[in-house]
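Enquirer: One structure, as structure tokens, below. Some questions next.
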2 protein chains.
Amino acid sequence: MKFGTVAHDGGTRAAALTDDGWRPVVEPYAADLSAFLAAGGTLGPDTLLGEPLDGAEPLAPLPHPAKVICCGLNYGEHIRETGRELPSHPTLFVKYADSLVGPTDDVSLQAGTDVDWEAELAVVVGATIRGADRATAAAAIAGYTVANDVSVRDWQYRTLQWFQGKAWDDSTPTGPVVVTPDEVDPTAGLTVTCRVNGDEVQRDSTATLVFDSADLLAYISTFTTLRPGDLVLTGTPGGVGVARDPKRFLADGDVLETEIEGIGLLRNTIRLT
Amino acid sequence: MKFGTVAHDGGTRAAALTDDGWRPVVEPYAADLSAFLAAGGTLGPDTLLGEPLDGAEPLAPLPHPAKVICCGLNYGEHIRETGRELPSHPTLFVKYADSLVGPTDDVSLQAGTDVDWEAELAVVVGATIRGADRATAAAAIAGYTVANDVSVRDWQYRTLQWFQGKAWDDSTPTGPVVVTPDEVDPTAGLTVTCRVNGDEVQRDSTATLVFDSADLLAYISTFTTLRPGDLVLTGTPGGVGVARDPKRFLADGDVLETEIEGIGLLRNTIRLT
């Protein structure tokens with residue numbers, strides 16, 4: 001099944017995307033999917049749904065995760081293009097809920113910065129875990145969504161720590177839906193693509209991830225508690241702009257499309273002001 | 001003035017430490033200082049206080065900041081001991097609210113890891129800022145508290161990104177009070193000390209910080225919004241265990257004391273299980 005957060009009738013609702021369009025989840029009632037999961041809601045076929053919401057439009061599905069943890073250097077080809085060896089441990093950094101925007105929102109960043117794309121599979125946590133083994137971590141996956149870990153490269157590389165290039169407000173499109181694990185299997189392989197003004201710049205399969213979703217949730221849960229609604233971004237394939245020769249960055253007005261097979265498409269305009 | 005969050009009568013309260021002991025803030029009523037600041041409360045002489053709370057004991061003053069941002073490599077001597085040059089930009093990484101414990105709580109980490117001390121001045125944000133200049137950032141400082149950025153060095157250095165060695169749950173003591181800027185001036189210089197089982201291992205003055213509190217808030221606010229109750233840790237002086245020869249790490253049962261002149265003392269026992 002597919003779930004999300006939609007704008008409808010001047011407000012927002014947690015909802016499921018069905019053959020009849022978007023239908024609101026009704027138990028527990030929730031203004032968004034973050035609130036639904038925090039209140040103990042589960043994403044699945046037993047979720048009670050109301051009547052279709054006419055004219056509903058998807059927003060960022062998880063508007064206020066307490067933790068947005070990202071893995072870098074997780075696709076073999078992208079690791080090679082950065083000149084590094086395959087890692088023994090995941091490289092982790094963070095974004096904030098403030099970083100997130102929805103599937104058709106503008107990505108708003110500062111003019112004069114080096115803005116780059118990073119198409120990524122994102123995992124939505126559905127249970128509270130700490131010290132989880134791989135099986136427990138796998139069972140704690142509520143679903144998968146699409147994200148673009150848009151990065152401000154000059155700030156990312158000002159110091160040894162990437163955080164200040166990764167956690168800009170309104171930088172990271174997510175959505176349009178969260179697909180439950182019975183419908184998609186990233187470990188078996190989903191095609192991830194990124195396009196800039198229609199030119200394909202990234203394409204790879206999630207089957208080539210060094211650390212898969214369950215690996216990442218288990219590893220992170222060793223040191224910090226993950227809770228329903230938290231997001232884990234799994235890393236980006238080869239093809240980023242900073243690794244090109246010459247380097248290529250996003251310009252004001254560029255249209256960034258991020259797509260994952262079986263999940264959906266983000267289409268965002270870059271605004272550099 | 002000095003503010004904090006106290007345990008009292010089976011619950012918790014936001015409170016001020018006065019000549020009459022801990023007195024609760026009453027408008028807005030708040031279970032802790034995070035909630036008080038989030039509700040628009042301000043820390044100052046006009047804050048309305050109730051009758052003294054008999055037997056109140058200080059807890060982590062800010063139990064649930066949305067953002068806990070830390071600066072590394074910010075004291076000249078500590079930078080030199082790591083073999084680096086003085087930085088042009090602050091090196092930033094994060095912890096979570098889950099990382100924080102109170103002034104007398106145990107620091108609980110995993111046996112077999114390399115646990116190290118980092119005594120630090122922490123800044124409490126008192127206003128919402130984005131894109132703030134230095135003066136605006138300075139005016140947004142609600143107060144200062146003491147923190148120890150206890151670090152799991154083997155995890156910190158597993159990859160290029162320090163986050164996984166910095167964001168362990170229950171690792172970071174804070175408190176005992178938040179002192180308002182009219183009472184202490186870190187830029188003029190406050191002595192920061194750290195002791196392990198009574199042996200002094202760190203001592204420096206906050207006057208030697210490369211980036212002071214206002215610099216850090218202004219810089220961070222370029223890329224992300226800071227809000228009342230958020231915490232910024234300003235970095236640690238020289239003397240950390242990993243930079244010693246031989247290296248020295250904390251053992252189960254060690255008593256870690258962290259003190260800043262004019263603010264107060266944290267006294268925490270290390271538990272490695």
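Identifiers in this document derive from the order of the structure tokens: chains are assigned A, B, ..., residues are numbered from 1 separately in each chain, and ligands are numbered from 1 in order of occurrence.
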Would you mind listing, as JSON, numbers by chain, all residues of chain B that have at least one atom within 9 Å of chain A, where only C-alpha atoms are what counts?
Expert: {"B": [66, 67, 87, 88, 89, 90, 91, 92, 93, 94, 96, 98, 99, 109, 110, 158, 159, 160, 161, 162, 163, 164, 165, 167, 168, 169, 170, 220, 222, 223, 224, 225]}
Enquirer: Using backbone DSSP assignments, extract all strand (DSSP E or B) residues from range 8-240 of chain A; output them as a ChimeraX atom specification.
Expert: /A:8,11-18,21-26,29,49,57-58,68-72,75,91-95,100-101,107-109,115-116,119-125,129,141-148,151-152,172-179,191-196,199-205,209,226,231-233
Enquirer: Return the single residue from A:Pro103, A:Gly10, A:Gly264, A:Gly143 that is closest to Gly44 in chain A, with distances computed using only C-alpha atoms.
Expert: A:Gly143
Enquirer: By how many Å are CA of Thr172 in chain B and CA of Leu100 in chain A apart?
Expert: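 Computing it gives 27.3 Å between the two atoms.
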Enquirer: With the cut-off set at 12 Å and counting only C-alpha atoms, tabulate each residue of range 141-201 of chain A with an atom at most that distance from an atom of range 241-257 of chain A, showing the nearest atom pair and its distance in Å to one decimal, ordered by chain and increasing number, as JSON lines.
Expert:
```
{"residue": "A:Val146", "atom": "CA", "partner": "A:Glu257", "partner_atom": "CA", "distance": 10.6}
{"residue": "A:Ala147", "atom": "CA", "partner": "A:Glu257", "partner_atom": "CA", "distance": 10.3}
{"residue": "A:Asn148", "atom": "CA", "partner": "A:Glu257", "partner_atom": "CA", "distance": 8.9}
{"residue": "A:Asp149", "atom": "CA", "partner": "A:Leu256", "partner_atom": "CA", "distance": 11.6}
{"residue": "A:Val150", "atom": "CA", "partner": "A:Leu250", "partner_atom": "CA", "distance": 9.7}
{"residue": "A:Ser151", "atom": "CA", "partner": "A:Val242", "partner_atom": "CA", "distance": 9.9}
{"residue": "A:Val152", "atom": "CA", "partner": "A:Phe249", "partner_atom": "CA", "distance": 9.4}
{"residue": "A:Arg153", "atom": "CA", "partner": "A:Val242", "partner_atom": "CA", "distance": 7.4}
{"residue": "A:Asp154", "atom": "CA", "partner": "A:Val242", "partner_atom": "CA", "distance": 9.8}
{"residue": "A:Gln156", "atom": "CA", "partner": "A:Val242", "partner_atom": "CA", "distance": 11.2}
{"residue": "A:Tyr157", "atom": "CA", "partner": "A:Val242", "partner_atom": "CA", "distance": 11.0}
{"residue": "A:Ser171", "atom": "CA", "partner": "A:Leu256", "partner_atom": "CA", "distance": 11.8}
{"residue": "A:Thr172", "atom": "CA", "partner": "A:Leu256", "partner_atom": "CA", "distance": 11.2}
{"residue": "A:Pro173", "atom": "CA", "partner": "A:Leu256", "partner_atom": "CA", "distance": 9.6}
{"residue": "A:Thr174", "atom": "CA", "partner": "A:Glu257", "partner_atom": "CA", "distance": 11.2}
{"residue": "A:Gly175", "atom": "CA", "partner": "A:Glu257", "partner_atom": "CA", "distance": 11.9}
{"residue": "A:Pro176", "atom": "CA", "partner": "A:Glu257", "partner_atom": "CA", "distance": 12.0}
{"residue": "A:Val192", "atom": "CA", "partner": "A:Glu257", "partner_atom": "CA", "distance": 10.8}
{"residue": "A:Thr193", "atom": "CA", "partner": "A:Glu257", "partner_atom": "CA", "distance": 8.1}
{"residue": "A:Cys194", "atom": "CA", "partner": "A:Glu257", "partner_atom": "CA", "distance": 5.6}
{"residue": "A:Arg195", "atom": "CA", "partner": "A:Glu257", "partner_atom": "CA", "distance": 5.0}
{"residue": "A:Val196", "atom": "CA", "partner": "A:Leu256", "partner_atom": "CA", "distance": 4.8}
{"residue": "A:Asn197", "atom": "CA", "partner": "A:Val255", "partner_atom": "CA", "distance": 5.0}
{"residue": "A:Gly198", "atom": "CA", "partner": "A:Glu257", "partner_atom": "CA", "distance": 7.7}
{"residue": "A:Asp199", "atom": "CA", "partner": "A:Glu257", "partner_atom": "CA", "distance": 9.4}
{"residue": "A:Glu200", "atom": "CA", "partner": "A:Glu257", "partner_atom": "CA", "distance": 9.0}
{"residue": "A:Val201", "atom": "CA", "partner": "A:Gly241", "partner_atom": "CA", "distance": 8.3}
```
Enquirer: Of the candidates A:Leu121, A:Val6, A:Leu190, A:Ala218, which one gets nearest to Thr236 in chain A if we count only C-alpha atoms?
Expert: A:Leu121
Enquirer: For Ile141 in chain B, which residue out of B:Val123, B:Val210, B:Leu86, B:Val25 is the nearest one, using only C-alpha atoms?
Expert: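 Counting only C-alpha atoms, the residue closest to Ile141 in chain B is B:Val123.
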